[in-house]
Structures are given as C-alpha cells and as structure tokens.
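S.K.: What follows is the file query-v9.pdb, containing PDB, C-alpha atoms:
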ATOM      1  CA  MET A   1     -94.633  12.798 -54.663
ATOM      2  CA  ARG A   2     -95.913  15.435 -52.281
ATOM      3  CA  ASN A   3     -98.287  12.947 -50.613
ATOM      4  CA  LYS A   4     -95.431  10.477 -50.175
ATOM      5  CA  LEU A   5     -93.302  13.168 -48.551
ATOM      6  CA  GLN A   6     -96.137  14.204 -46.234
ATOM      7  CA  SER A   7     -96.630  10.609 -45.123
ATOM      8  CA  VAL A   8     -92.909  10.136 -44.421
ATOM      9  CA  LEU A   9     -92.345  13.391 -42.501
ATOM     10  CA  PRO A  10     -94.057  12.234 -39.264
ATOM     11  CA  LEU A  11     -91.910   9.087 -39.315
ATOM     12  CA  ILE A  12     -88.731  11.141 -39.751
ATOM     13  CA  ALA A  13     -89.767  13.475 -36.904
ATOM     14  CA  ALA A  14     -90.519  10.513 -34.626
ATOM     15  CA  LEU A  15     -87.148   8.930 -35.370
ATOM     16  CA  MET A  16     -85.337  12.188 -34.683
ATOM     17  CA  LEU A  17     -87.149  12.645 -31.356
ATOM     18  CA  SER A  18     -86.523   9.057 -30.283
ATOM     19  CA  ASN A  19     -82.786   9.543 -30.798
ATOM     20  CA  THR A  20     -82.486  12.811 -28.863
ATOM     21  CA  THR A  21     -82.338  11.148 -25.441
ATOM     22  CA  GLY A  22     -79.039   9.495 -26.354
ATOM     23  CA  VAL A  23     -77.447  12.908 -26.738
ATOM     24  CA  TYR A  24     -77.329  13.362 -22.963
ATOM     25  CA  ALA A  25     -75.020  10.451 -22.292
ATOM     26  CA  HIS A  26     -71.927  11.623 -24.159
ATOM     27  CA  ASN A  27     -69.230  14.174 -23.539
ATOM     28  CA  PRO A  28     -67.668  16.169 -26.380
ATOM     29  CA  GLY A  29     -65.225  13.301 -27.026
ATOM     30  CA  GLY A  30     -68.078  10.830 -27.481
ATOM     31  CA  LYS A  31     -67.282   8.677 -24.429
ATOM     32  CA  ALA A  32     -70.355   7.735 -22.411
ATOM     33  CA  ASP A  33     -70.668   9.734 -19.187
ATOM     34  CA  PRO A  34     -71.853   7.403 -16.400
ATOM     35  CA  MET A  35     -73.886  10.030 -14.538
ATOM     36  CA  ASN A  36     -75.863  11.238 -17.536
ATOM     37  CA  ALA A  37     -76.377   7.673 -18.733
ATOM     38  CA  SER A  38     -77.793   6.623 -15.358
ATOM     39  CA  LEU A  39     -80.140   9.642 -15.186
ATOM     40  CA  GLU A  40     -81.407   9.260 -18.723
ATOM     41  CA  LYS A  41     -83.922   6.501 -17.984
ATOM     42  CA  LEU A  42     -85.306   8.029 -14.768
ATOM     43  CA  LYS A  43     -88.245  10.388 -14.243
ATOM     44  CA  GLY A  44     -90.246  12.042 -11.480
ATOM     45  CA  ALA A  45     -89.131  11.703  -7.871
ATOM     46  CA  GLU A  46     -86.666   8.944  -8.776
ATOM     47  CA  PHE A  47     -84.972  11.275 -11.273
ATOM     48  CA  GLU A  48     -84.858  14.174  -8.811
ATOM     49  CA  GLN A  49     -83.340  12.131  -5.989
ATOM     50  CA  SER A  50     -80.731  10.616  -8.271
ATOM     51  CA  PHE A  51     -79.933  13.991  -9.851
ATOM     52  CA  LEU A  52     -79.505  15.649  -6.446
ATOM     53  CA  GLN A  53     -77.276  12.801  -5.243
ATOM     54  CA  GLN A  54     -75.170  12.618  -8.379
ATOM     55  CA  MET A  55     -74.835  16.360  -8.971
ATOM     56  CA  SER A  56     -73.704  16.736  -5.359
ATOM     57  CA  GLN A  57     -71.054  14.061  -5.969
ATOM     58  CA  HIS A  58     -70.107  15.726  -9.257
ATOM     59  CA  HIS A  59     -69.723  19.118  -7.563
ATOM     60  CA  ARG A  60     -67.666  17.622  -4.708
ATOM     61  CA  SER A  61     -65.269  16.115  -7.229
ATOM     62  CA  GLY A  62     -65.080  19.428  -9.119
ATOM     63  CA  ILE A  63     -64.262  21.173  -5.843
ATOM     64  CA  GLU A  64     -61.485  18.673  -5.127
ATOM     65  CA  ILE A  65     -59.964  19.332  -8.543
ATOM     66  CA  ALA A  66     -60.302  23.110  -8.119
ATOM     67  CA  LYS A  67     -58.576  22.969  -4.715
ATOM     68  CA  LEU A  68     -55.435  21.733  -6.470
ATOM     69  CA  ALA A  69     -55.122  25.088  -8.232
ATOM     70  CA  SER A  70     -54.173  26.868  -5.000
ATOM     71  CA  ASP A  71     -50.693  25.327  -4.989
ATOM     72  CA  HIS A  72     -50.335  23.742  -8.432
ATOM     73  CA  THR A  73     -50.557  26.847 -10.630
ATOM     74  CA  SER A  74     -48.733  30.152 -10.618
ATOM     75  CA  ARG A  75     -51.494  31.874 -12.613
ATOM     76  CA  ALA A  76     -53.514  34.187 -10.374
ATOM     77  CA  GLU A  77     -56.523  34.118 -12.711
ATOM     78  CA  LEU A  78     -56.707  30.311 -12.533
ATOM     79  CA  ARG A  79     -56.495  30.389  -8.719
ATOM     80  CA  GLN A  80     -59.260  33.035  -8.605
ATOM     81  CA  PHE A  81     -61.383  30.989 -11.023
ATOM     82  CA  ALA A  82     -60.960  27.922  -8.781
ATOM     83  CA  GLU A  83     -61.840  29.861  -5.600
ATOM     84  CA  LYS A  84     -65.013  31.233  -7.196
ATOM     85  CA  MET A  85     -65.951  27.792  -8.516
ATOM     86  CA  ILE A  86     -65.435  26.187  -5.087
ATOM     87  CA  SER A  87     -67.634  28.795  -3.406
ATOM     88  CA  LYS A  88     -70.417  28.571  -5.998
ATOM     89  CA  GLN A  89     -70.494  24.788  -6.132
ATOM     90  CA  GLN A  90     -70.412  24.416  -2.335
ATOM     91  CA  ALA A  91     -73.435  26.729  -2.108
ATOM     92  CA  GLU A  92     -75.215  24.578  -4.700
ATOM     93  CA  ILE A  93     -74.329  21.383  -2.781
ATOM     94  CA  ASP A  94     -75.773  22.949   0.387
ATOM     95  CA  LYS A  95     -78.987  23.838  -1.451
ATOM     96  CA  MET A  96     -79.310  20.358  -3.007
ATOM     97  CA  THR A  97     -78.600  18.703   0.367
ATOM     98  CA  GLY A  98     -81.423  20.736   1.912
ATOM     99  CA  TRP A  99     -83.807  19.664  -0.848
ATOM    100  CA  LEU A 100     -82.830  16.004  -0.484
ATOM    101  CA  LYS A 101     -83.685  16.248   3.217
ATOM    102  CA  SER A 102     -86.905  18.252   2.911
ATOM    103  CA  TRP A 103     -88.329  16.612  -0.221
ATOM    104  CA  TYR A 104     -87.143  13.011   0.193
ATOM    105  CA  ASN A 105     -85.914  12.709   3.803
ATOM    106  CA  ALA A 106     -82.533  11.608   2.423
ATOM    107  CA  SER A 107     -78.909  12.569   2.972
ATOM    108  CA  PRO A 108     -76.308  12.866   0.216
ATOM    109  CA  LYS A 109     -74.388   9.693  -0.494
ATOM    110  CA  GLU A 110     -70.618  10.014  -0.506
ATOM    111  CA  VAL A 111     -70.585   8.043  -3.760
ATOM    112  CA  ALA A 112     -73.805   8.146  -5.766
ATOM    113  CA  ASN A 113     -72.223   6.783  -8.953
ATOM    114  CA  GLU A 114     -69.330   4.305  -8.660
ATOM    115  CA  ALA A 115     -68.185   4.560 -12.290
ATOM    116  CA  ALA A 116     -68.004   8.361 -12.146
ATOM    117  CA  ASP A 117     -66.144   8.170  -8.828
ATOM    118  CA  LYS A 118     -63.565   5.826 -10.352
ATOM    119  CA  ASP A 119     -63.061   8.181 -13.341
ATOM    120  CA  MET A 120     -62.665  11.186 -11.044
ATOM    121  CA  LYS A 121     -60.100   9.465  -8.844
ATOM    122  CA  MET A 122     -58.045   8.711 -11.954
ATOM    123  CA  HIS A 123     -58.220  12.389 -13.043
ATOM    124  CA  MET A 124     -57.295  13.609  -9.555
ATOM    125  CA  SER A 125     -54.297  11.305  -9.462
ATOM    126  CA  MET A 126     -53.114  12.544 -12.845
ATOM    127  CA  LEU A 127     -53.605  16.238 -11.973
ATOM    128  CA  SER A 128     -52.100  16.103  -8.494
ATOM    129  CA  GLY A 129     -48.721  15.146  -9.961
ATOM    130  CA  LYS A 130     -48.542  18.223 -12.209
ATOM    131  CA  LYS A 131     -47.349  21.758 -11.480
ATOM    132  CA  ASP A 132     -47.348  25.141 -13.188
ATOM    133  CA  SER A 133     -47.841  25.026 -16.976
ATOM    134  CA  ASP A 134     -48.235  21.223 -16.983
ATOM    135  CA  PHE A 135     -51.012  21.549 -14.421
ATOM    136  CA  ASP A 136     -52.549  24.511 -16.257
ATOM    137  CA  LYS A 137     -52.732  22.584 -19.542
ATOM    138  CA  ALA A 138     -54.211  19.499 -17.899
ATOM    139  CA  PHE A 139     -56.713  21.548 -15.848
ATOM    140  CA  LEU A 140     -57.790  23.555 -18.903
ATOM    141  CA  GLU A 141     -58.316  20.325 -20.822
ATOM    142  CA  MET A 142     -60.099  18.366 -18.113
ATOM    143  CA  MET A 143     -62.331  20.927 -16.382
ATOM    144  CA  PRO A 144     -64.341  21.849 -19.514
ATOM    145  CA  LYS A 145     -65.120  18.132 -19.986
ATOM    146  CA  HIS A 146     -66.114  17.858 -16.325
ATOM    147  CA  HIS A 147     -68.335  20.935 -16.681
ATOM    148  CA  HIS A 148     -69.836  19.643 -19.924
ATOM    149  CA  ALA A 149     -71.126  16.547 -18.123
ATOM    150  CA  ALA A 150     -72.702  18.800 -15.474
ATOM    151  CA  VAL A 151     -74.307  20.953 -18.175
ATOM    152  CA  GLU A 152     -75.875  17.845 -19.718
ATOM    153  CA  MET A 153     -77.108  16.685 -16.305
ATOM    154  CA  ALA A 154     -78.571  20.130 -15.649
ATOM    155  CA  GLU A 155     -80.285  20.136 -19.036
ATOM    156  CA  GLN A 156     -81.937  16.841 -18.125
ATOM    157  CA  ALA A 157     -83.117  18.365 -14.837
ATOM    158  CA  GLU A 158     -84.522  21.419 -16.613
ATOM    159  CA  LYS A 159     -86.728  19.053 -18.628
ATOM    160  CA  LYS A 160     -87.481  16.284 -16.125
ATOM    161  CA  ALA A 161     -87.494  17.776 -12.612
ATOM    162  CA  THR A 162     -90.886  18.258 -10.978
ATOM    163  CA  HIS A 163     -89.903  20.972  -8.458
ATOM    164  CA  PRO A 164     -89.715  24.424 -10.120
ATOM    165  CA  GLU A 165     -86.854  25.514  -7.835
ATOM    166  CA  LEU A 166     -84.764  22.556  -9.034
ATOM    167  CA  LYS A 167     -85.527  23.426 -12.665
ATOM    168  CA  GLU A 168     -84.409  26.996 -11.924
ATOM    169  CA  LEU A 169     -81.181  25.881 -10.215
ATOM    170  CA  ALA A 170     -80.458  23.518 -13.120
ATOM    171  CA  ALA A 171     -80.884  26.349 -15.640
ATOM    172  CA  THR A 172     -78.505  28.527 -13.610
ATOM    173  CA  MET A 173     -75.961  25.698 -13.353
ATOM    174  CA  ALA A 174     -76.040  25.090 -17.099
ATOM    175  CA  LYS A 175     -75.644  28.788 -17.907
ATOM    176  CA  ASP A 176     -72.852  29.355 -15.366
ATOM    177  CA  GLN A 177     -70.883  26.273 -16.331
ATOM    178  CA  GLN A 178     -71.186  27.037 -20.046
ATOM    179  CA  ALA A 179     -69.704  30.478 -19.327
ATOM    180  CA  GLU A 180     -66.898  28.841 -17.338
ATOM    181  CA  ILE A 181     -66.222  26.389 -20.183
ATOM    182  CA  LYS A 182     -65.866  29.337 -22.549
ATOM    183  CA  GLN A 183     -63.465  31.102 -20.148
ATOM    184  CA  LEU A 184     -61.326  27.983 -19.745
ATOM    185  CA  LYS A 185     -61.175  27.390 -23.490
ATOM    186  CA  ASP A 186     -60.283  31.047 -24.084
ATOM    187  CA  TRP A 187     -57.404  30.757 -21.597
ATOM    188  CA  ALA A 188     -56.216  27.514 -23.173
ATOM    189  CA  GLN A 189     -56.133  29.188 -26.583
ATOM    190  CA  SER A 190     -54.459  32.337 -25.263
ATOM    191  CA  TRP A 191     -51.861  30.592 -23.082
ATOM    192  CA  PHE A 192     -51.070  27.497 -25.128
ATOM    193  CA  GLY A 193     -52.304  28.134 -28.675
ATOM    194  CA  PRO A 194     -54.688  26.041 -30.746
ATOM    195  CA  ALA A 195     -55.518  22.598 -29.440
TER     196      ALA A 195
END
If you convert what's in this file into structure tokens, what do you get?
M.R.:
Amino acid sequence: MRNKLQSVLPLIAALMLSNTTGVYAHNPGGKADPMNASLEKLKGAEFEQSFLQQMSQHHRSGIEIAKLASDHTSRAELRQFAEKMISKQQAEIDKMTGWLKSWYNASPKEVANEAADKDMKMHMSMLSGKKDSDFDKAFLEMMPKHHHAAVEMAEQAEKKATHPELKELAATMAKDQQAEIKQLKDWAQSWFGPA
C-alpha cells in the first residue's frame, strides 16, 4: 500500500501544478478576466511588454472610475480613497511607460486588450449614472473586483517578469491593492451591512 501511495504522489503533485496556471484567469466570481487570460500563456520579453501595456490600460480605467467619486459620492473617505488611488496609479503608469520605452522602444497602447476595454466601458456607463449611496454601493462592489484582476496580473509578473524592478513593482502593486480591497470591503460592510 505504501509503495502504491509513493508511486501516485508524484502524479498528484504534477496534476496539481499543471492546474495552478488556470487560477490566474478568474476573478472572485469565477468569470474569466480577459487580461489575465491573455497574459497566462506569455513569458519573457513578450510577457513583460504585454503586462506593461495591459496594466497601464487597467490602471487608466481604474483612474477613470475613481474620478467619478469626486462628484458622485458625498462620503469624504471615499473621495480621499479615490484621490490617493488616482495619484498612486498615475505614478505607476508613468513608471511602466518609461520601462516600455527604455526596455522595448514602445509606447503604451490606448487599448491593449479589447475585451477588457469593452467590459470597463460597460462598468463606467453603469457607475456614471449613480449618485450618493447608489454610487457608493456600486463602487464598493465593482472596485474590489477590478483590483482583484490587477492583483492576479501582478502575481503573474512577480513570477514571470525578467526585470527585477518590474518584479518589485508588481509585488508592491499586489500588496497595495490587496490592502485597498480590504478597506473597500470593510466600508461596504460598515455602511451597507453584509453582502
């Protein structure tokens, strides 16, 4: 029995490892995220260029959503959160744009992932029509999902990027956005009760 178990364990480990890459391509609701799915199969310079392009697009869309908070919410803490997020993500876009230029002689594409752009436009349209508590609820529901996709992208970059400074930025992004997800979920619970 023990010999049988020992012979099966490497097979089980291999199966578990082969299935871990699929974890990247899903948000908490289980729907495939187009950016993570497109990055999953890439490696090396191709991965880095695509990551830098797509994370820049992802951050720009996050900034657009956050800008709505200035006149769509009456909660000062949500406006301050959005202002801080805009500043941090713009600085990261600037850094990634510099790396695209210096490492790959490329400029950021306005749309690096069509499917993600389509999803974001739908979310922006939905959010822009909401105010006050309706906006707050929708923002607190959507932004953690948006951040979760970025965390998964960053986790891929931590493992697959070849430039150490990109690995370091990715680790910082993942940590910062996980903290923001926690803050948003805490506010949702405090302001609106259990989901």
S.K.: Kindly indicate which residue among A:Gln49, A:Gln54, A:Thr73, A:Ser61 lies nearest to Phe139 (chain A), using only C-alpha atoms for the distances.
M.R.: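 Once distances to Phe139 (chain A) are computed over only C-alpha atoms, the minimum belongs to A:Thr73.
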S.K.: With distances taken over all atoms listed in the file, which of A:Ala150, A:Leu52, A:Ala188, A:Ala106 is nearest to Ile93 (chain A)?
M.R.: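 Going through A:Ala150, A:Leu52, A:Ala188, A:Ala106 one by one, the smallest distance to Ile93 (chain A) is for A:Leu52.
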S.K.: I'd like the interatomic distance between CA of Ser38 (chain A) and CA of Met143 (chain A), to a tenth of an Å.
M.R.: 21.1 Å
S.K.: Assuming the chain letters and numbering stay as they are in my file, what does the PyMOL selection byres ((chain A and resi 187) around 12) actually select? List them as a list in words.
M.R.: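 Those residues are Arg75, Glu77, Leu78, Phe81, Asp136, Lys137, Phe139, Leu140, Glu141, Pro144, Glu180, Ile181, Lys182, Gln183, Leu184, Lys185, Asp186, Ala188, Gln189, Ser190, Trp191, Phe192, Gly193, Pro194 and Ala195 of chain A.
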S.K.: Skip Ala138 (chain A) itself and residues of its chain fewer than 4 positions away, then list as a list in words all residues within 12 Å of it, counting all atoms listed in the file.
M.R.: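 The residues satisfying every condition are Ile65, Leu68, Ala69, His72, Thr73, His123, Met124, Ser125, Met126, Leu127, Ser128, Gly129, Lys130, Lys131, Asp132, Ser133, Asp134, Met142, Met143, Pro144, Lys145, Leu184, Lys185, Ala188 and Phe192 of chain A.
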S.K.: Residue by residue, what does the PyMOL selection byres ((chain A and resi 103) around 12) grab here? Present the result as a PDB file with C-alpha atoms, in the frame of the given file.
M.R.:
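Wrote it out as expr27.pdb, contents follow:
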ATOM      1  CA  ALA A  45     -89.131  11.703  -7.871  1.00  0.00           C
ATOM      2  CA  GLU A  46     -86.666   8.944  -8.776  1.00  0.00           C
ATOM      3  CA  GLU A  48     -84.858  14.174  -8.811  1.00  0.00           C
ATOM      4  CA  GLN A  49     -83.340  12.131  -5.989  1.00  0.00           C
ATOM      5  CA  LEU A  52     -79.505  15.649  -6.446  1.00  0.00           C
ATOM      6  CA  LYS A  95     -78.987  23.838  -1.451  1.00  0.00           C
ATOM      7  CA  MET A  96     -79.310  20.358  -3.007  1.00  0.00           C
ATOM      8  CA  THR A  97     -78.600  18.703   0.367  1.00  0.00           C
ATOM      9  CA  GLY A  98     -81.423  20.736   1.912  1.00  0.00           C
ATOM     10  CA  TRP A  99     -83.807  19.664  -0.848  1.00  0.00           C
ATOM     11  CA  LEU A 100     -82.830  16.004  -0.484  1.00  0.00           C
ATOM     12  CA  LYS A 101     -83.685  16.248   3.217  1.00  0.00           C
ATOM     13  CA  SER A 102     -86.905  18.252   2.911  1.00  0.00           C
ATOM     14  CA  TYR A 104     -87.143  13.011   0.193  1.00  0.00           C
ATOM     15  CA  ASN A 105     -85.914  12.709   3.803  1.00  0.00           C
ATOM     16  CA  ALA A 106     -82.533  11.608   2.423  1.00  0.00           C
ATOM     17  CA  SER A 107     -78.909  12.569   2.972  1.00  0.00           C
ATOM     18  CA  THR A 162     -90.886  18.258 -10.978  1.00  0.00           C
ATOM     19  CA  HIS A 163     -89.903  20.972  -8.458  1.00  0.00           C
ATOM     20  CA  GLU A 165     -86.854  25.514  -7.835  1.00  0.00           C
ATOM     21  CA  LEU A 166     -84.764  22.556  -9.034  1.00  0.00           C
TER      22      LEU A 166
END
S.K.: Check what the PyMOL selection byres ((chain A and resi 39) around 9) selects in the file above and give those residues as a PDB file with C-alpha atoms, in the coordinates of the input.
M.R.:
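File part.pdb, as written:
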ATOM      1  CA  ALA A  25     -75.020  10.451 -22.292  1.00  0.00           C
ATOM      2  CA  PRO A  34     -71.853   7.403 -16.400  1.00  0.00           C
ATOM      3  CA  MET A  35     -73.886  10.030 -14.538  1.00  0.00           C
ATOM      4  CA  ASN A  36     -75.863  11.238 -17.536  1.00  0.00           C
ATOM      5  CA  ALA A  37     -76.377   7.673 -18.733  1.00  0.00           C
ATOM      6  CA  SER A  38     -77.793   6.623 -15.358  1.00  0.00           C
ATOM      7  CA  GLU A  40     -81.407   9.260 -18.723  1.00  0.00           C
ATOM      8  CA  LYS A  41     -83.922   6.501 -17.984  1.00  0.00           C
ATOM      9  CA  LEU A  42     -85.306   8.029 -14.768  1.00  0.00           C
ATOM     10  CA  LYS A  43     -88.245  10.388 -14.243  1.00  0.00           C
ATOM     11  CA  PHE A  47     -84.972  11.275 -11.273  1.00  0.00           C
ATOM     12  CA  SER A  50     -80.731  10.616  -8.271  1.00  0.00           C
ATOM     13  CA  PHE A  51     -79.933  13.991  -9.851  1.00  0.00           C
ATOM     14  CA  GLN A  54     -75.170  12.618  -8.379  1.00  0.00           C
ATOM     15  CA  MET A 153     -77.108  16.685 -16.305  1.00  0.00           C
ATOM     16  CA  GLN A 156     -81.937  16.841 -18.125  1.00  0.00           C
TER      17      GLN A 156
END
S.K.: I'd like to know which of A:Ala161, A:Ala66, A:Ala154, A:Ala91 is closest to Arg79 (chain A), using all atoms listed in the file.
M.R.: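 Ranking A:Ala161, A:Ala66, A:Ala154, A:Ala91 by distance to Arg79 (chain A), first place goes to A:Ala66.
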S.K.: Counting only C-alpha atoms, which of A:Met120, A:Phe135, A:Lys84, A:Glu110 gets nearest to Asp71 (chain A)?
M.R.: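 Selected residue with least distance to Asp71 (chain A): A:Phe135.
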S.K.: What are the centre and edge lengths in Å, to one decimal, of the axis-aligned box around all listed atoms of region 161-166 of chain A with 8 Å added on each side, as JSON?
M.R.:
{"center_x": -87.8, "center_y": 21.6, "center_z": -10.2, "size_x": 22.1, "size_y": 23.7, "size_z": 20.8}
S.K.: Using only C-alpha atoms, which of the listed residues (A:Met85, A:Val111, A:Ala157, A:Ala76) sits closest to Ile63 (chain A)?
M.R.: A:Met85
S.K.: Measure the distance from CA of Gln89 (chain A) to CA of Gln57 (chain A) in Å and round it to one decimal.
M.R.: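 That distance, rounded to one decimal, is 10.7 Å.
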S.K.: Could I see region 167-178 of chain A restored to N, CA and C atoms, set down as a short mmCIF file (atom, residue, chain, number, x, y, z; two decimals), in the coordinates of the input?
M.R.:
data_model
loop_
_atom_site.label_atom_id
_atom_site.label_comp_id
_atom_site.auth_asym_id
_atom_site.auth_seq_id
_atom_site.Cartn_x
_atom_site.Cartn_y
_atom_site.Cartn_z
N LYS A 167 -85.65 23.04 -11.25
CA LYS A 167 -85.53 23.43 -12.66
C LYS A 167 -84.76 24.75 -12.79
N GLU A 168 -85.07 25.69 -11.90
CA GLU A 168 -84.41 27.00 -11.92
C GLU A 168 -82.92 26.88 -11.59
N LEU A 169 -82.59 26.09 -10.56
CA LEU A 169 -81.18 25.88 -10.22
C LEU A 169 -80.45 25.21 -11.38
N ALA A 170 -81.08 24.23 -12.00
CA ALA A 170 -80.46 23.52 -13.12
C ALA A 170 -80.17 24.48 -14.27
N ALA A 171 -81.10 25.37 -14.56
CA ALA A 171 -80.88 26.35 -15.64
C ALA A 171 -79.71 27.26 -15.30
N THR A 172 -79.62 27.68 -14.05
CA THR A 172 -78.50 28.53 -13.61
C THR A 172 -77.18 27.78 -13.71
N MET A 173 -77.19 26.52 -13.27
CA MET A 173 -75.96 25.70 -13.35
C MET A 173 -75.49 25.58 -14.80
N ALA A 174 -76.41 25.27 -15.69
CA ALA A 174 -76.04 25.09 -17.10
C ALA A 174 -75.45 26.37 -17.66
N LYS A 175 -76.11 27.50 -17.39
CA LYS A 175 -75.64 28.79 -17.91
C LYS A 175 -74.27 29.14 -17.33
N ASP A 176 -74.12 29.01 -16.02
CA ASP A 176 -72.85 29.36 -15.37
C ASP A 176 -71.70 28.46 -15.84
N GLN A 177 -71.97 27.18 -15.94
CA GLN A 177 -70.88 26.27 -16.33
C GLN A 177 -70.54 26.42 -17.81
N GLN A 178 -71.52 26.76 -18.65
CA GLN A 178 -71.19 27.04 -20.05
C GLN A 178 -70.29 28.27 -20.15
#
